[in-house]
>>> print(open('query.txt').read())   # compact mmCIF, C-alpha atoms
# COMPACT_ATOMS: atom_id res chain seq x y z
CA MET Y 12 16.42 2.03 9.65
CA SER Y 13 20.15 1.44 9.51
CA GLY Y 14 22.78 2.30 6.97
CA ARG Y 15 25.20 -0.16 5.43
CA GLY Y 16 27.78 0.05 2.68
CA ALA Y 17 30.68 2.40 2.05
CA ILE Y 18 29.21 5.71 3.18
CA THR Y 19 31.51 8.53 4.16
CA ASP Y 20 30.53 10.93 6.92
CA VAL Y 21 27.17 12.52 6.15
CA PRO Y 22 26.87 16.08 7.42
CA TYR Y 23 24.22 17.38 9.75
CA LEU Y 24 21.22 18.67 7.80
CA PRO Y 25 18.77 21.07 9.48
CA GLU Y 26 15.14 20.10 9.16
CA VAL Y 27 14.31 23.25 7.22
CA ARG Y 28 16.84 22.22 4.57
CA ILE Y 29 15.34 18.72 4.32
CA GLU Y 30 11.84 20.16 3.93
CA ARG Y 31 13.06 22.51 1.22
CA ASP Y 32 14.69 19.64 -0.67
CA ALA Y 33 11.48 17.59 -0.49
CA ASP Y 34 9.43 20.56 -1.71
CA VAL Y 35 11.86 21.05 -4.61
CA LEU Y 36 11.36 17.43 -5.66
CA VAL Y 37 7.57 17.79 -5.60
CA ALA Y 38 7.86 21.00 -7.65
CA GLU Y 39 10.16 19.29 -10.15
CA TYR Y 40 7.68 16.48 -10.62
CA ALA Y 41 4.75 18.89 -10.98
CA GLN Y 42 6.63 20.90 -13.61
CA ARG Y 43 7.52 17.75 -15.51
CA CYS Y 44 3.90 16.55 -15.53
CA GLY Y 45 2.41 19.97 -16.14
CA VAL Y 46 -0.18 19.57 -13.40
CA PRO Y 47 -0.15 20.36 -9.67
CA VAL Y 48 0.60 17.55 -7.25
CA VAL Y 49 -2.36 16.63 -5.06
CA ALA Y 50 -2.89 14.07 -2.31
CA PRO Y 51 -1.94 11.30 -2.29
CA VAL Y 52 1.50 12.33 -3.52
CA PRO Y 53 2.41 9.88 -6.35
CA VAL Y 54 5.53 8.49 -4.71
CA GLU Y 55 5.88 5.51 -7.07
CA ASP Y 56 5.80 7.77 -10.13
CA ILE Y 57 8.28 10.18 -8.56
CA LEU Y 58 10.64 7.29 -7.87
CA GLU Y 59 10.36 5.62 -11.27
CA LEU Y 60 9.29 8.20 -13.85
CA HIS Y 61 11.00 11.29 -12.48
CA LEU Y 62 14.10 9.96 -10.72
CA GLY Y 63 14.64 7.00 -13.02
CA LEU Y 64 14.93 4.49 -10.19
CA THR Y 65 13.47 1.01 -10.30
CA PHE Y 66 11.98 -0.90 -7.41
CA ALA Y 67 11.12 -4.50 -6.73
CA ILE Y 68 9.10 -6.16 -3.99
CA GLU Y 69 11.03 -9.10 -2.59
CA ASP Y 70 11.44 -11.24 0.52
CA LEU Y 71 14.12 -9.17 2.20
CA ALA Y 72 14.22 -11.38 5.29
CA ALA Y 73 15.44 -14.19 3.04
CA LEU Y 74 17.78 -11.91 1.07
CA PHE Y 75 19.50 -10.49 4.15
CA GLY Y 76 19.04 -13.43 6.49
CA THR Y 77 17.34 -11.35 9.15
CA ASP Y 78 13.84 -10.15 9.98
CA GLY Y 79 12.74 -6.56 10.19
CA VAL Y 80 14.22 -5.20 6.95
CA LEU Y 81 11.70 -2.91 5.26
CA GLY Y 82 13.70 -1.68 2.30
CA ALA Y 83 17.15 -1.25 0.79
CA ILE Y 84 18.72 0.91 -1.91
CA TRP Y 85 21.58 0.29 -4.31
CA PHE Y 86 22.80 3.65 -5.58
CA ASN Y 87 24.93 2.45 -8.50
CA GLU Y 88 22.15 0.23 -9.84
CA LYS Y 89 19.46 2.85 -9.08
CA LEU Y 90 17.51 0.04 -7.45
CA VAL Y 91 15.16 0.00 -4.46
CA ARG Y 92 13.88 -3.22 -2.93
CA ILE Y 93 10.83 -3.27 -0.65
CA ASP Y 94 9.92 -6.20 1.59
CA THR Y 95 7.04 -8.40 0.51
CA ARG Y 96 5.32 -7.89 3.86
CA LEU Y 97 4.63 -4.28 2.82
CA GLU Y 98 3.00 -5.25 -0.49
CA PRO Y 99 -0.21 -3.17 -0.31
CA SER Y 100 -2.29 -5.41 -2.56
CA GLU Y 101 -1.61 -8.31 -0.20
CA ASN Y 102 -1.53 -6.30 3.04
CA PRO Y 103 -3.75 -3.21 2.64
CA SER Y 104 -3.14 -2.16 6.25
CA ARG Y 105 0.56 -1.66 5.38
CA LEU Y 106 -0.11 0.86 2.60
CA GLY Y 107 1.10 3.77 4.71
CA ARG Y 108 4.31 1.97 5.69
CA TYR Y 109 4.87 0.87 2.07
CA ARG Y 110 4.61 4.45 0.78
CA PHE Y 111 6.70 5.81 3.64
CA THR Y 112 9.44 3.25 2.92
CA LEU Y 113 9.51 4.23 -0.76
CA ALA Y 114 9.71 7.90 0.24
CA HIS Y 115 12.44 7.06 2.76
CA GLU Y 116 14.56 5.44 0.04
CA ILE Y 117 13.98 8.48 -2.17
CA GLY Y 118 15.29 10.53 0.76
CA HIS Y 119 18.50 8.50 0.75
CA TRP Y 120 18.81 9.02 -3.00
CA ARG Y 121 18.35 12.79 -2.82
CA LEU Y 122 20.29 13.45 0.37
CA HIS Y 123 23.03 10.84 0.57
CA ARG Y 124 24.10 9.38 -2.77
CA THR Y 125 26.91 11.92 -3.26
CA TYR Y 126 28.57 10.52 -0.12
CA TYR Y 127 28.52 6.90 -1.30
CA ARG Y 128 31.59 5.08 -2.59
CA GLU Y 129 31.17 1.51 -3.79
CA ASP Y 130 33.33 -1.15 -2.16
CA PRO Y 131 34.63 -3.40 -4.98
CA ALA Y 132 35.18 -6.22 -2.48
CA GLN Y 133 31.41 -6.47 -2.03
CA ALA Y 134 30.60 -6.82 -5.73
CA ALA Y 135 29.73 -10.53 -5.55
CA LEU Y 136 27.10 -10.08 -2.85
CA PHE Y 137 23.34 -9.80 -3.42
CA ASP Y 138 23.02 -11.23 -6.93
CA GLY Y 139 26.19 -9.52 -8.04
CA ARG Y 140 24.88 -6.06 -7.17
CA GLY Y 141 27.23 -5.61 -4.26
CA GLN Y 142 26.39 -4.27 -0.84
CA PRO Y 143 23.38 -1.95 -0.72
CA ALA Y 144 24.11 1.62 0.32
CA PHE Y 145 21.43 1.40 3.01
CA VAL Y 146 19.47 -1.41 4.60
CA CYS Y 147 16.44 0.09 6.28
CA ARG Y 148 14.76 -1.31 9.37
CA ALA Y 149 11.93 0.05 11.48
CA GLY Y 150 13.06 1.74 14.66
CA ASP Y 151 16.64 2.61 13.70
CA LYS Y 152 17.73 5.96 15.09
CA LEU Y 153 20.94 6.76 13.22
CA PRO Y 154 21.11 10.45 12.16
CA VAL Y 155 21.28 9.49 8.49
CA GLU Y 156 18.08 7.47 8.90
CA TRP Y 157 16.38 10.34 10.73
CA GLN Y 158 17.21 12.50 7.73
CA ALA Y 159 15.62 10.00 5.32
CA ASP Y 160 12.55 9.61 7.57
CA THR Y 161 12.16 13.38 7.80
CA PHE Y 162 12.48 13.73 4.03
CA ALA Y 163 9.80 11.04 3.59
CA SER Y 164 7.39 12.89 5.86
CA TYR Y 165 7.80 16.14 3.95
CA LEU Y 166 7.59 14.41 0.57
CA LEU Y 167 4.36 12.57 1.36
CA MET Y 168 2.80 15.46 3.30
CA PRO Y 169 3.97 18.79 1.82
CA LYS Y 170 2.94 21.77 3.91
CA ALA Y 171 0.91 23.56 1.23
CA ILE Y 172 -1.03 20.42 0.29
CA VAL Y 173 -1.70 19.42 3.91
CA VAL Y 174 -2.86 22.92 4.86
CA ALA Y 175 -5.19 23.05 1.85
CA ALA Y 176 -6.59 19.60 2.68
CA TRP Y 177 -7.10 20.63 6.32
CA LYS Y 178 -9.02 23.74 5.26
CA ASP Y 179 -11.15 21.68 2.89
CA TRP Y 180 -11.81 19.14 5.65
CA ARG Y 181 -12.37 21.49 8.58
CA GLY Y 182 -13.60 24.60 6.78
CA ASN Y 183 -10.98 26.82 8.40
CA LEU Y 184 -7.38 26.83 9.61
CA ASP Y 185 -8.21 26.81 13.32
CA PRO Y 186 -6.12 24.29 15.28
CA VAL Y 187 -7.74 21.39 17.10
CA VAL Y 188 -6.83 20.84 20.75
CA LEU Y 189 -6.56 17.44 22.42
CA ALA Y 190 -8.91 18.42 25.25
CA ASP Y 191 -11.72 19.02 22.72
CA LEU Y 192 -11.57 15.48 21.35
CA PRO Y 193 -13.33 12.43 22.80
CA PRO Y 194 -10.67 10.26 24.48
CA VAL Y 195 -9.78 6.82 23.13
CA ALA Y 196 -9.63 3.87 25.49
CA VAL Y 197 -6.24 2.20 25.20
CA ALA Y 198 -4.55 -0.98 26.39
CA ASP Y 199 -1.09 -2.52 26.34
CA GLY Y 200 0.54 0.65 27.61
CA ARG Y 201 -0.20 2.72 24.52
CA ASP Y 202 -0.16 6.47 25.03
CA ALA Y 203 -3.77 7.66 25.37
CA ALA Y 204 -3.09 11.12 23.96
CA ASN Y 205 -1.37 9.69 20.89
CA ALA Y 206 -4.25 7.26 20.37
CA THR Y 207 -6.81 10.07 20.55
CA LEU Y 208 -4.88 12.31 18.17
CA ASP Y 209 -4.22 9.40 15.80
CA ARG Y 210 -7.94 8.61 15.59
CA PHE Y 211 -8.73 12.24 14.81
CA SER Y 212 -6.00 12.34 12.14
CA LYS Y 213 -7.16 9.16 10.39
CA PRO Y 214 -9.47 10.75 7.75
CA LEU Y 215 -6.68 13.04 6.55
CA ALA Y 216 -4.18 10.20 6.77
CA GLU Y 217 -6.37 8.11 4.48
CA ARG Y 218 -6.54 10.98 2.00
CA PHE Y 219 -2.72 11.13 1.86
CA GLU Y 220 -2.30 7.33 2.12
CA VAL Y 221 -0.04 7.59 5.15
CA SER Y 222 -0.39 6.18 8.65
CA ALA Y 223 -2.49 8.01 11.21
CA GLU Y 224 0.64 8.36 13.34
CA ALA Y 225 2.60 10.00 10.51
CA MET Y 226 -0.24 12.44 9.82
CA ARG Y 227 -0.65 13.23 13.51
CA ILE Y 228 3.04 14.11 13.80
CA ARG Y 229 2.84 16.27 10.67
CA LEU Y 230 -0.24 18.14 11.91
CA GLU Y 231 1.42 18.77 15.25
CA LYS Y 232 4.47 20.23 13.53
CA LEU Y 233 2.21 22.49 11.50
CA GLY Y 234 0.43 23.69 14.65
CA LEU Y 235 -2.91 22.41 13.41
CA LEU Y 236 -3.12 19.76 16.12
CA MET Y 237 -2.20 20.75 19.66
CA ARG Y 238 -1.85 18.88 22.95
CA GLU Y 239 -2.50 21.95 25.07
CA ARG Y 240 -4.62 25.00 24.52
CA PRO Y 241 -2.37 27.98 23.75
CA ASN Y 242 -2.18 30.76 26.31
CA THR Y 243 -3.69 33.79 24.58
CA LEU Y 244 -3.25 36.15 27.54
CA PHE Y 245 -0.88 39.06 27.11
>>> encode(input="query.txt", output="structure tokens")
Amino acid sequence: MSGRGAITDVPYLPEVRIERDADVLVAEYAQRCGVPVVAPVPVEDILELHLGLTFAIEDLAALFGTDGVLGAIWFNEKLVRIDTRLEPSENPSRLGRYRFTLAHEIGHWRLHRTYYREDPAQAALFDGRGQPAFVCRAGDKLPVEWQADTFASYLLMPKAIVVAAWKDWRGNLDPVVLADLPPVAVADGRDAANATLDRFSKPLAERFEVSAEAMRIRLEKLGLLMRERPNTLF
């Protein structure tokens, strides 16, 4: 996902800070609603009801004249646009990507809007809304996009909620090791370990309405899913 628009230098943010900011947002929303947040995290309500942003689903390939755009955010207009190809009612298999893209744009709003300065020369572009602060594409590796992706992961899969769901699902907090899972046959050069761990993660991913890959990565970070058995010898 790549940034565009008049953005000044964005500082390095450690991952622990990004996780804390995402947890603060979830806590804010829970306090506002008066009930605990449970899976799946209500990302649309957080975006619209809590943050006061609006979002529209549009053909972004036509709007930007290029394929591969998943979402974009206009800070001054408090507007998020999501590509029609992610519309979950039309493409149910893209639900995880749709929610992740919304959470990614929320990440830009929370982490980066203070660094944005509108360029008046761009005011006539994009239906008079000017240049978006960020145009987001799959696979972009800019640091600012890593920050928004990381924020999205923590927003959609908060540690406390994931750990509680794991315990409910597995009955304990014992980690699962790759070697204990039945392997998945793969083709087209896909990583066999990732495929096996993704398949295992799918039930929890469905509960959180995220992709199996996103849940697998989150569980690995939490130490609940492991590629190698830990050495317990002292």
>>> closest_atom_pairs(input="query.txt", of="stretch 28-144 of chain Y", to="stretch 213-217 of chain Y", cutoff="10 Å", atoms="only C-alpha atoms", output="tab-separated table")
residue	atom	partner	partner_atom	distance
Y:Ala50	CA	Y:Glu217	CA	9.7
Y:Pro51	CA	Y:Glu217	CA	8.7
Y:Leu106	CA	Y:Glu217	CA	9.8
Y:Gly107	CA	Y:Ala216	CA	8.6
>>> atom_distance(input="query.txt", atom1="atom CA of Y:Ala33", atom2="atom CA of Y:Tyr165")
5.9 Å
>>> closest_residue(input="query.txt", among="Y:Val91, Y:Ile57, Y:Ala73, Y:Met237", to="Y:Ala144", atoms="only C-alpha atoms")
Y:Val91
>>> axis_aligned_box(input="query.txt", around="stretch 194-202 of chain Y", padding_each_side="4 Å", output="AutoDock Vina command-line options")
--center_x -5.1 --center_y 3.9 --center_z 25.4 --size_x 19.2 --size_y 20.8 --size_z 12.5
>>> atom_distance(input="query.txt", atom1="atom CA of Y:Gly118", atom2="atom CA of Y:Leu235")
25.1 Å
>>> decode(input="query.txt", residues="stretch 55-146 of chain Y", atoms="C-alpha atoms", output="compact mmCIF listing (two decimals), in the first residue's frame")
# COMPACT_ATOMS: atom_id res chain seq x y z
CA GLU Y 55 -17.17 -0.30 10.38
CA ASP Y 56 -18.78 1.10 13.53
CA ILE Y 57 -15.41 2.21 14.90
CA LEU Y 58 -14.70 4.04 11.64
CA GLU Y 59 -18.10 5.70 11.29
CA LEU Y 60 -19.73 5.99 14.70
CA HIS Y 61 -16.66 6.52 16.88
CA LEU Y 62 -14.18 8.29 14.61
CA GLY Y 63 -16.76 10.17 12.56
CA LEU Y 64 -15.31 9.07 9.23
CA THR Y 65 -17.41 8.12 6.23
CA PHE Y 66 -16.61 5.46 3.68
CA ALA Y 67 -17.82 4.61 0.22
CA ILE Y 68 -17.33 1.56 -1.97
CA GLU Y 69 -16.31 2.65 -5.45
CA ASP Y 70 -14.46 1.49 -8.55
CA LEU Y 71 -11.02 2.73 -7.57
CA ALA Y 72 -9.37 1.33 -10.69
CA ALA Y 73 -11.50 3.74 -12.71
CA LEU Y 74 -11.01 6.60 -10.25
CA PHE Y 75 -7.21 6.34 -10.21
CA GLY Y 76 -6.70 4.91 -13.68
CA THR Y 77 -4.75 1.93 -12.41
CA ASP Y 78 -5.46 -1.55 -11.08
CA GLY Y 79 -4.57 -2.84 -7.66
CA VAL Y 80 -5.84 0.05 -5.50
CA LEU Y 81 -7.62 -1.35 -2.44
CA GLY Y 82 -8.46 1.83 -0.58
CA ALA Y 83 -7.71 5.52 -0.14
CA ILE Y 84 -8.22 8.13 2.56
CA TRP Y 85 -8.84 11.87 2.39
CA PHE Y 86 -7.98 13.35 5.78
CA ASN Y 87 -9.60 16.77 5.36
CA GLU Y 88 -12.87 15.28 4.13
CA LYS Y 89 -12.71 12.43 6.69
CA LEU Y 90 -13.46 10.10 3.80
CA VAL Y 91 -12.36 6.53 3.07
CA ARG Y 92 -12.99 4.85 -0.27
CA ILE Y 93 -12.80 1.07 -0.66
CA ASP Y 94 -12.58 -0.70 -4.01
CA THR Y 95 -15.70 -2.42 -5.29
CA ARG Y 96 -13.79 -5.68 -5.71
CA LEU Y 97 -13.66 -5.94 -1.91
CA GLU Y 98 -17.42 -5.51 -1.46
CA PRO Y 99 -18.17 -8.46 0.87
CA SER Y 100 -21.80 -8.88 -0.17
CA GLU Y 101 -20.66 -9.36 -3.76
CA ASN Y 102 -17.37 -11.15 -2.99
CA PRO Y 103 -17.71 -13.01 0.33
CA SER Y 104 -14.22 -14.48 -0.01
CA ARG Y 105 -12.81 -10.92 0.23
CA LEU Y 106 -14.40 -10.18 3.62
CA GLY Y 107 -11.09 -10.46 5.44
CA ARG Y 108 -9.33 -8.15 2.98
CA TYR Y 109 -12.25 -5.69 3.11
CA ARG Y 110 -12.10 -5.46 6.91
CA PHE Y 111 -8.31 -5.29 6.91
CA THR Y 112 -8.39 -2.42 4.40
CA LEU Y 113 -10.86 -0.48 6.54
CA ALA Y 114 -8.66 -1.08 9.59
CA HIS Y 115 -5.59 -0.05 7.57
CA GLU Y 116 -7.20 3.29 6.69
CA ILE Y 117 -8.12 3.77 10.35
CA GLY Y 118 -4.43 3.19 11.08
CA HIS Y 119 -3.52 6.04 8.74
CA TRP Y 120 -6.09 8.26 10.46
CA ARG Y 121 -4.83 7.53 13.97
CA LEU Y 122 -1.11 7.44 13.24
CA HIS Y 123 -0.49 9.82 10.35
CA ARG Y 124 -3.06 12.59 9.98
CA THR Y 125 -1.08 15.06 12.11
CA TYR Y 126 1.71 14.89 9.51
CA TYR Y 127 -0.54 15.71 6.55
CA ARG Y 128 -0.62 19.12 4.87
CA GLU Y 129 -3.06 19.63 2.01
CA ASP Y 130 -1.64 20.77 -1.32
CA PRO Y 131 -3.98 23.51 -2.64
CA ALA Y 132 -2.77 22.84 -6.19
CA GLN Y 133 -4.45 19.42 -6.04
CA ALA Y 134 -7.88 20.72 -5.00
CA ALA Y 135 -9.51 20.13 -8.39
CA LEU Y 136 -8.61 16.44 -8.51
CA PHE Y 137 -10.88 13.55 -7.54
CA ASP Y 138 -14.29 15.22 -7.63
CA GLY Y 139 -12.91 18.39 -6.11
CA ARG Y 140 -11.66 16.59 -3.01
CA GLY Y 141 -8.02 17.01 -3.90
CA GLN Y 142 -5.31 14.40 -3.70
CA PRO Y 143 -5.92 11.63 -1.15
CA ALA Y 144 -3.45 11.48 1.71
CA PHE Y 145 -2.82 7.80 0.96
CA VAL Y 146 -3.61 5.48 -1.91
